[in-house]
Amino acid sequence: MPLIMGILNATPDSFSGDGLFADDAIFEGRGPYLDGVVARAATLVAEGADLLDVGGESTRPGAVPVSDDVELARVIPVIAALAARFDVPISVDTSSPVVMREAATAGAALINDVRALRRPGAMEAAAATRLPVCLMHMQGDPGTMQAYPHYGDVVAEVRDFLAGRVAACGAAGMAPELLLVDPGFGFGKTLAHNLALLRALSDIAPPGVPVVAGLSRKRMVGEITGRPVASRIHGSVALALLAARQGAAVVRVHDVAATADALKILAAVEHGSIAPGPFDESIQ
Ligand code: 8Y7
């Protein structure tokens, strides 16, 4: 079964509605702010998160990039606090070389870059940390990516892009076993593109490279179910299960408890494995 990456947004404008803070003035890495993040992280870990992904730059459609200083102020205190308190690896969702280096020093265990190390200096910075890196496909940039997503053959193009980034990382001296790839659901893709990529997920990565899938609460769930962000949990869990069936190594989700239950069901059906846990005999 895939590992569950729980999403911990440290952005005021996160699209999925769980951005923990309304105002950058309180992003000072102390007091109630940090207590709130730690409490949310503790919940995600208790619910079954195997990793926590901390991001300080919203990449939702139309989002504007933030400065390194803002991103650092948002994520570094959070990463330091979480790395000190929890056993699960902390992932930093960033494209910034400065943030990569500082996050590694603060205790991050994984770099999750939606731009696949294409920012100037990002490849060198990531290589210097010696941390694992998730390389994600995106067409365009968050500001404009949903304006006109276009592909000849979306599966072939995403596959070629990911193979190219894996090769570029190898050429930069990064160990192949440190790399993961992600087709980037919703990042410059229509519903039809997303569905084609999900159907092809088991064949999207270079041989042996693990796949990360982020489908949670995304627009495609809304397009299929007709539901707003706050009501996309069921559709999101269904997509996480389908990604698991296609061999995803990591699913990136907001709703950890629900996803964990669904994956336990899938594991029991597929492998007969039943995780020991409390069972209430009164439950029929
Ligand atoms: C993804 C992601 C986002 C994803 C990976 C959202 C940071 C938008 N989506 N990282 N990040 N994969 N690896 O819906 O699909 O959470 S942000």
# chains A, B, ... in the order shown; residues from 1 in each chain; ligands from 1
$ residues_around --residues "region 216-226 of chain A" --least-positions-apart "3" --cutoff "7 Å" --atoms "only C-alpha atoms" --output "ChimeraX atom specification"
/A:16,191,229,232-233,235-236,252-254
$ write_last_selection --atoms "all heavy atoms" --output "CSV table (one decimal), in the first residue's frame"
chain,number,residue,atom,x,y,z
A,16,SER,N,-7.8,24.6,-0.8
A,16,SER,CA,-8.7,23.6,-0.2
A,16,SER,C,-9.3,24.0,1.1
A,16,SER,O,-10.0,23.2,1.7
A,16,SER,CB,-7.9,22.3,0.0
A,16,SER,OG,-6.8,22.5,0.8
A,191,LEU,N,-9.8,17.9,-17.1
A,191,LEU,CA,-10.3,16.6,-16.6
A,191,LEU,C,-9.9,15.4,-17.4
A,191,LEU,O,-9.4,14.4,-16.9
A,191,LEU,CB,-11.8,16.7,-16.4
A,191,LEU,CG,-12.5,15.4,-16.0
A,191,LEU,CD1,-12.0,15.0,-14.6
A,191,LEU,CD2,-14.0,15.6,-15.9
A,229,VAL,N,-15.2,22.3,-2.7
A,229,VAL,CA,-14.0,21.8,-2.0
A,229,VAL,C,-14.3,21.1,-0.7
A,229,VAL,O,-13.7,20.0,-0.4
A,229,VAL,CB,-13.0,22.9,-1.8
A,229,VAL,CG1,-11.9,22.6,-0.9
A,229,VAL,CG2,-12.4,23.3,-3.2
A,232,ARG,N,-15.5,17.2,-0.9
A,232,ARG,CA,-14.8,16.3,-1.9
A,232,ARG,C,-14.1,15.1,-1.2
A,232,ARG,O,-13.4,14.4,-1.9
A,232,ARG,CB,-13.8,17.1,-2.7
A,232,ARG,CG,-14.5,18.1,-3.6
A,232,ARG,CD,-13.6,18.9,-4.5
A,232,ARG,NE,-14.3,20.0,-5.2
A,232,ARG,CZ,-13.8,21.0,-5.8
A,232,ARG,NH1,-12.5,21.1,-5.8
A,232,ARG,NH2,-14.5,21.9,-6.4
A,233,ILE,N,-14.4,14.9,0.0
A,233,ILE,CA,-13.6,13.8,0.7
A,233,ILE,C,-13.9,12.5,0.1
A,233,ILE,O,-13.0,11.7,-0.1
A,233,ILE,CB,-14.0,13.8,2.2
A,233,ILE,CG1,-13.2,12.7,2.9
A,233,ILE,CG2,-15.4,13.8,2.5
A,233,ILE,CD1,-13.3,12.8,4.5
A,235,GLY,N,-15.0,11.6,-3.0
A,235,GLY,CA,-14.4,11.5,-4.3
A,235,GLY,C,-12.9,11.4,-4.2
A,235,GLY,O,-12.2,10.6,-4.9
A,236,SER,N,-12.3,12.1,-3.2
A,236,SER,CA,-10.8,12.1,-3.1
A,236,SER,C,-10.3,10.8,-2.6
A,236,SER,O,-9.3,10.3,-3.1
A,236,SER,CB,-10.4,13.2,-2.1
A,236,SER,OG,-10.8,14.5,-2.5
A,252,ARG,N,-0.8,11.9,-1.6
A,252,ARG,CA,-0.7,13.2,-0.9
A,252,ARG,C,-2.2,13.6,-0.7
A,252,ARG,O,-2.9,13.9,-1.6
A,252,ARG,CB,0.0,14.2,-1.7
A,252,ARG,CG,0.2,15.5,-1.1
A,252,ARG,CD,1.0,16.4,-2.0
A,252,ARG,NE,1.2,17.8,-1.5
A,252,ARG,CZ,0.3,18.7,-1.5
A,252,ARG,NH1,-0.9,18.5,-2.1
A,252,ARG,NH2,0.5,19.9,-0.9
A,253,VAL,N,-2.6,13.7,0.6
A,253,VAL,CA,-4.0,13.9,0.9
A,253,VAL,C,-4.2,14.8,2.1
A,253,VAL,O,-3.4,15.0,3.0
A,253,VAL,CB,-4.7,12.5,1.3
A,253,VAL,CG1,-4.5,11.5,0.2
A,253,VAL,CG2,-4.3,11.9,2.6
A,254,HIS,N,-5.4,15.4,2.1
A,254,HIS,CA,-5.9,16.2,3.2
A,254,HIS,C,-6.5,15.4,4.3
A,254,HIS,O,-6.4,15.6,5.5
A,254,HIS,CB,-6.9,17.3,2.8
A,254,HIS,CG,-6.4,18.3,1.7
A,254,HIS,ND1,-6.4,18.0,0.4
A,254,HIS,CD2,-5.8,19.5,1.9
A,254,HIS,CE1,-5.9,19.0,-0.3
A,254,HIS,NE2,-5.5,19.9,0.6
$ closest_atom_pairs --of "chain A" --to "ligand 1" --cutoff "8 Å" --atoms "only C-alpha atoms and all ligand atoms" --output "CSV"
residue,atom,partner,partner_atom_place_in_ligand_line,distance
A:Ile7,CA,ligand 1,16 (O),7.3
A:Phe15,CA,ligand 1,14 (O),7.3
A:Ser16,CA,ligand 1,14 (O),6.9
A:Asp53,CA,ligand 1,7 (C),7.9
A:Gly55,CA,ligand 1,7 (C),6.7
A:Ser58,CA,ligand 1,17 (S),6.6
A:Thr59,CA,ligand 1,17 (S),5.3
A:Arg60,CA,ligand 1,8 (C),5.6
A:Asp93,CA,ligand 1,7 (C),5.4
A:Thr94,CA,ligand 1,7 (C),7.7
A:Asn112,CA,ligand 1,13 (N),5.6
A:Asp113,CA,ligand 1,13 (N),6.7
A:Val114,CA,ligand 1,10 (N),5.6
A:Cys134,CA,ligand 1,13 (N),6.1
A:Leu135,CA,ligand 1,13 (N),7.1
A:Met136,CA,ligand 1,13 (N),5.7
A:Val181,CA,ligand 1,13 (N),7.7
A:Asp182,CA,ligand 1,13 (N),5.7
A:Pro183,CA,ligand 1,15 (O),7.4
A:Gly184,CA,ligand 1,15 (O),4.6
A:Phe185,CA,ligand 1,15 (O),5.2
A:Gly186,CA,ligand 1,15 (O),7.2
A:Phe187,CA,ligand 1,15 (O),7.7
A:Val212,CA,ligand 1,13 (N),6.0
A:Ala213,CA,ligand 1,15 (O),5.8
A:Gly214,CA,ligand 1,15 (O),3.4
A:Leu215,CA,ligand 1,15 (O),5.9
A:Ser216,CA,ligand 1,14 (O),6.2
A:Arg217,CA,ligand 1,14 (O),6.6
A:Lys218,CA,ligand 1,14 (O),5.4
A:Arg252,CA,ligand 1,12 (N),6.6
A:Val253,CA,ligand 1,16 (O),7.7
$ residues_around --residues "region 37-42 of chain A" --least-positions-apart "2" --cutoff "9 Å" --atoms "only C-alpha atoms" --output "ChimeraX atom specification"
/A:6-10,20,32-35,44-47,49,52,78,81-82,85-86
$ select_by_dssp --residues "region 77-252 of chain A" --states "alpha helix (DSSP H)" --output "NGL selection string"
:A and (77-85 or 97-106 or 122-129 or 154-171 or 191-199 or 219-225 or 233-245)
$ atom_distance --atom1 "CA of Val64 (chain A)" --atom2 "CA of Gly140 (chain A)"
13.2 Å
$ residues_around --residues "Gly247 (chain A)" --least-positions-apart "4" --cutoff "9 Å" --atoms "only C-alpha atoms" --output "PyMOL selection string"
chain A and resi 1-2+201-202+210-211+242-243
$ residues_around --residues "Ala126 (chain A)" --least-positions-apart "6" --cutoff "10 Å" --atoms "only C-alpha atoms" --output "list in words"
Ser95, Ser96, Pro97, Val98, Val99, Met100, Arg101, Ala104, Leu110, Ile111, Asp113, Leu117, Pro132, Val133, Cys169, Ala172 and Met174 of chain A
$ closest_residue --among "A:Ile274, A:Asp255, A:Asp87, A:Ala249" --to "Ser231 (chain A)" --atoms "only C-alpha atoms"
A:Asp255
$ atom_distance --atom1 "CA of Leu131 (chain A)" --atom2 "CA of Asp261 (chain A)"
29.7 Å
$ decode --residues "region 233-249 of chain A" --atoms "all heavy atoms" --output "PDB file, in the first residue's frame"
ATOM      1  N   ILE A 233     -14.384  14.892   0.030  1.00  0.00           N
ATOM      2  CA  ILE A 233     -13.646  13.830   0.718  1.00  0.00           C
ATOM      3  C   ILE A 233     -13.918  12.461   0.087  1.00  0.00           C
ATOM      4  O   ILE A 233     -12.987  11.678  -0.121  1.00  0.00           O
ATOM      5  CB  ILE A 233     -13.951  13.844   2.231  1.00  0.00           C
ATOM      6  CG1 ILE A 233     -13.190  12.725   2.949  1.00  0.00           C
ATOM      7  CG2 ILE A 233     -15.429  13.770   2.526  1.00  0.00           C
ATOM      8  CD1 ILE A 233     -13.255  12.826   4.453  1.00  0.00           C
ATOM      9  N   HIS A 234     -15.168  12.162  -0.230  1.00  0.00           N
ATOM     10  CA  HIS A 234     -15.480  10.817  -0.736  1.00  0.00           C
ATOM     11  C   HIS A 234     -14.855  10.587  -2.100  1.00  0.00           C
ATOM     12  O   HIS A 234     -14.257   9.540  -2.359  1.00  0.00           O
ATOM     13  CB  HIS A 234     -16.997  10.608  -0.777  1.00  0.00           C
ATOM     14  CG  HIS A 234     -17.671  10.964   0.506  1.00  0.00           C
ATOM     15  ND1 HIS A 234     -18.253  12.191   0.708  1.00  0.00           N
ATOM     16  CD2 HIS A 234     -17.802  10.290   1.660  1.00  0.00           C
ATOM     17  CE1 HIS A 234     -18.724  12.240   1.948  1.00  0.00           C
ATOM     18  NE2 HIS A 234     -18.460  11.096   2.551  1.00  0.00           N
ATOM     19  N   GLY A 235     -14.997  11.578  -2.961  1.00  0.00           N
ATOM     20  CA  GLY A 235     -14.373  11.468  -4.280  1.00  0.00           C
ATOM     21  C   GLY A 235     -12.864  11.381  -4.177  1.00  0.00           C
ATOM     22  O   GLY A 235     -12.217  10.633  -4.919  1.00  0.00           O
ATOM     23  N   SER A 236     -12.294  12.126  -3.239  1.00  0.00           N
ATOM     24  CA  SER A 236     -10.839  12.111  -3.074  1.00  0.00           C
ATOM     25  C   SER A 236     -10.348  10.753  -2.592  1.00  0.00           C
ATOM     26  O   SER A 236      -9.312  10.253  -3.055  1.00  0.00           O
ATOM     27  CB  SER A 236     -10.415  13.180  -2.056  1.00  0.00           C
ATOM     28  OG  SER A 236     -10.768  14.467  -2.520  1.00  0.00           O
ATOM     29  N   VAL A 237     -11.105  10.151  -1.675  1.00  0.00           N
ATOM     30  CA  VAL A 237     -10.707   8.832  -1.179  1.00  0.00           C
ATOM     31  C   VAL A 237     -10.795   7.809  -2.316  1.00  0.00           C
ATOM     32  O   VAL A 237      -9.912   6.951  -2.462  1.00  0.00           O
ATOM     33  CB  VAL A 237     -11.586   8.427   0.027  1.00  0.00           C
ATOM     34  CG1 VAL A 237     -11.373   6.962   0.383  1.00  0.00           C
ATOM     35  CG2 VAL A 237     -11.265   9.318   1.224  1.00  0.00           C
ATOM     36  N   ALA A 238     -11.834   7.920  -3.123  1.00  0.00           N
ATOM     37  CA  ALA A 238     -11.966   7.003  -4.268  1.00  0.00           C
ATOM     38  C   ALA A 238     -10.751   7.137  -5.184  1.00  0.00           C
ATOM     39  O   ALA A 238     -10.172   6.129  -5.630  1.00  0.00           O
ATOM     40  CB  ALA A 238     -13.255   7.299  -5.030  1.00  0.00           C
ATOM     41  N   LEU A 239     -10.342   8.364  -5.458  1.00  0.00           N
ATOM     42  CA  LEU A 239      -9.187   8.567  -6.341  1.00  0.00           C
ATOM     43  C   LEU A 239      -7.900   8.048  -5.699  1.00  0.00           C
ATOM     44  O   LEU A 239      -7.036   7.485  -6.388  1.00  0.00           O
ATOM     45  CB  LEU A 239      -9.052  10.043  -6.703  1.00  0.00           C
ATOM     46  CG  LEU A 239     -10.103  10.572  -7.677  1.00  0.00           C
ATOM     47  CD1 LEU A 239      -9.994  12.085  -7.814  1.00  0.00           C
ATOM     48  CD2 LEU A 239      -9.969   9.908  -9.048  1.00  0.00           C
ATOM     49  N   ALA A 240      -7.755   8.228  -4.391  1.00  0.00           N
ATOM     50  CA  ALA A 240      -6.552   7.704  -3.714  1.00  0.00           C
ATOM     51  C   ALA A 240      -6.490   6.184  -3.839  1.00  0.00           C
ATOM     52  O   ALA A 240      -5.420   5.607  -4.074  1.00  0.00           O
ATOM     53  CB  ALA A 240      -6.541   8.128  -2.245  1.00  0.00           C
ATOM     54  N   LEU A 241      -7.640   5.531  -3.700  1.00  0.00           N
ATOM     55  CA  LEU A 241      -7.678   4.064  -3.851  1.00  0.00           C
ATOM     56  C   LEU A 241      -7.296   3.650  -5.267  1.00  0.00           C
ATOM     57  O   LEU A 241      -6.548   2.681  -5.471  1.00  0.00           O
ATOM     58  CB  LEU A 241      -9.080   3.537  -3.586  1.00  0.00           C
ATOM     59  CG  LEU A 241      -9.497   3.193  -2.183  1.00  0.00           C
ATOM     60  CD1 LEU A 241     -10.762   2.356  -2.216  1.00  0.00           C
ATOM     61  CD2 LEU A 241      -8.406   2.442  -1.437  1.00  0.00           C
ATOM     62  N   LEU A 242      -7.819   4.383  -6.236  1.00  0.00           N
ATOM     63  CA  LEU A 242      -7.498   4.043  -7.628  1.00  0.00           C
ATOM     64  C   LEU A 242      -6.020   4.265  -7.912  1.00  0.00           C
ATOM     65  O   LEU A 242      -5.395   3.474  -8.630  1.00  0.00           O
ATOM     66  CB  LEU A 242      -8.382   4.861  -8.577  1.00  0.00           C
ATOM     67  CG  LEU A 242      -9.864   4.452  -8.505  1.00  0.00           C
ATOM     68  CD1 LEU A 242     -10.749   5.485  -9.189  1.00  0.00           C
ATOM     69  CD2 LEU A 242     -10.060   3.073  -9.122  1.00  0.00           C
ATOM     70  N   ALA A 243      -5.448   5.324  -7.330  1.00  0.00           N
ATOM     71  CA  ALA A 243      -4.004   5.544  -7.487  1.00  0.00           C
ATOM     72  C   ALA A 243      -3.225   4.410  -6.834  1.00  0.00           C
ATOM     73  O   ALA A 243      -2.223   3.926  -7.374  1.00  0.00           O
ATOM     74  CB  ALA A 243      -3.608   6.894  -6.889  1.00  0.00           C
ATOM     75  N   ALA A 244      -3.698   3.960  -5.686  1.00  0.00           N
ATOM     76  CA  ALA A 244      -3.038   2.835  -5.009  1.00  0.00           C
ATOM     77  C   ALA A 244      -3.088   1.587  -5.878  1.00  0.00           C
ATOM     78  O   ALA A 244      -2.096   0.859  -6.008  1.00  0.00           O
ATOM     79  CB  ALA A 244      -3.707   2.571  -3.656  1.00  0.00           C
ATOM     80  N   ARG A 245      -4.232   1.355  -6.492  1.00  0.00           N
ATOM     81  CA  ARG A 245      -4.378   0.195  -7.376  1.00  0.00           C
ATOM     82  C   ARG A 245      -3.437   0.275  -8.572  1.00  0.00           C
ATOM     83  O   ARG A 245      -3.066  -0.747  -9.157  1.00  0.00           O
ATOM     84  CB  ARG A 245      -5.834   0.089  -7.877  1.00  0.00           C
ATOM     85  CG  ARG A 245      -6.805  -0.372  -6.838  1.00  0.00           C
ATOM     86  CD  ARG A 245      -6.742  -1.876  -6.659  1.00  0.00           C
ATOM     87  NE  ARG A 245      -7.077  -2.575  -7.887  1.00  0.00           N
ATOM     88  CZ  ARG A 245      -8.198  -3.256  -8.093  1.00  0.00           C
ATOM     89  NH1 ARG A 245      -9.097  -3.332  -7.135  1.00  0.00           N
ATOM     90  NH2 ARG A 245      -8.421  -3.855  -9.237  1.00  0.00           N
ATOM     91  N   GLN A 246      -3.065   1.489  -8.922  1.00  0.00           N
ATOM     92  CA  GLN A 246      -2.130   1.684 -10.046  1.00  0.00           C
ATOM     93  C   GLN A 246      -0.692   1.748  -9.569  1.00  0.00           C
ATOM     94  O   GLN A 246       0.191   2.171 -10.315  1.00  0.00           O
ATOM     95  CB  GLN A 246      -2.472   2.985 -10.778  1.00  0.00           C
ATOM     96  CG  GLN A 246      -3.826   2.979 -11.450  1.00  0.00           C
ATOM     97  CD  GLN A 246      -3.771   2.415 -12.852  1.00  0.00           C
ATOM     98  OE1 GLN A 246      -2.733   1.933 -13.295  1.00  0.00           O
ATOM     99  NE2 GLN A 246      -4.880   2.438 -13.538  1.00  0.00           N
ATOM    100  N   GLY A 247      -0.475   1.385  -8.312  1.00  0.00           N
ATOM    101  CA  GLY A 247       0.899   1.249  -7.843  1.00  0.00           C
ATOM    102  C   GLY A 247       1.540   2.486  -7.270  1.00  0.00           C
ATOM    103  O   GLY A 247       2.761   2.511  -7.056  1.00  0.00           O
ATOM    104  N   ALA A 248       0.764   3.536  -6.981  1.00  0.00           N
ATOM    105  CA  ALA A 248       1.355   4.740  -6.385  1.00  0.00           C
ATOM    106  C   ALA A 248       2.095   4.366  -5.096  1.00  0.00           C
ATOM    107  O   ALA A 248       1.617   3.554  -4.301  1.00  0.00           O
ATOM    108  CB  ALA A 248       0.271   5.769  -6.081  1.00  0.00           C
ATOM    109  N   ALA A 249       3.248   4.974  -4.900  1.00  0.00           N
ATOM    110  CA  ALA A 249       4.048   4.713  -3.696  1.00  0.00           C
ATOM    111  C   ALA A 249       3.667   5.647  -2.560  1.00  0.00           C
ATOM    112  O   ALA A 249       3.854   5.323  -1.386  1.00  0.00           O
ATOM    113  CB  ALA A 249       5.535   4.874  -4.015  1.00  0.00           C
TER     114      ALA A 249
END
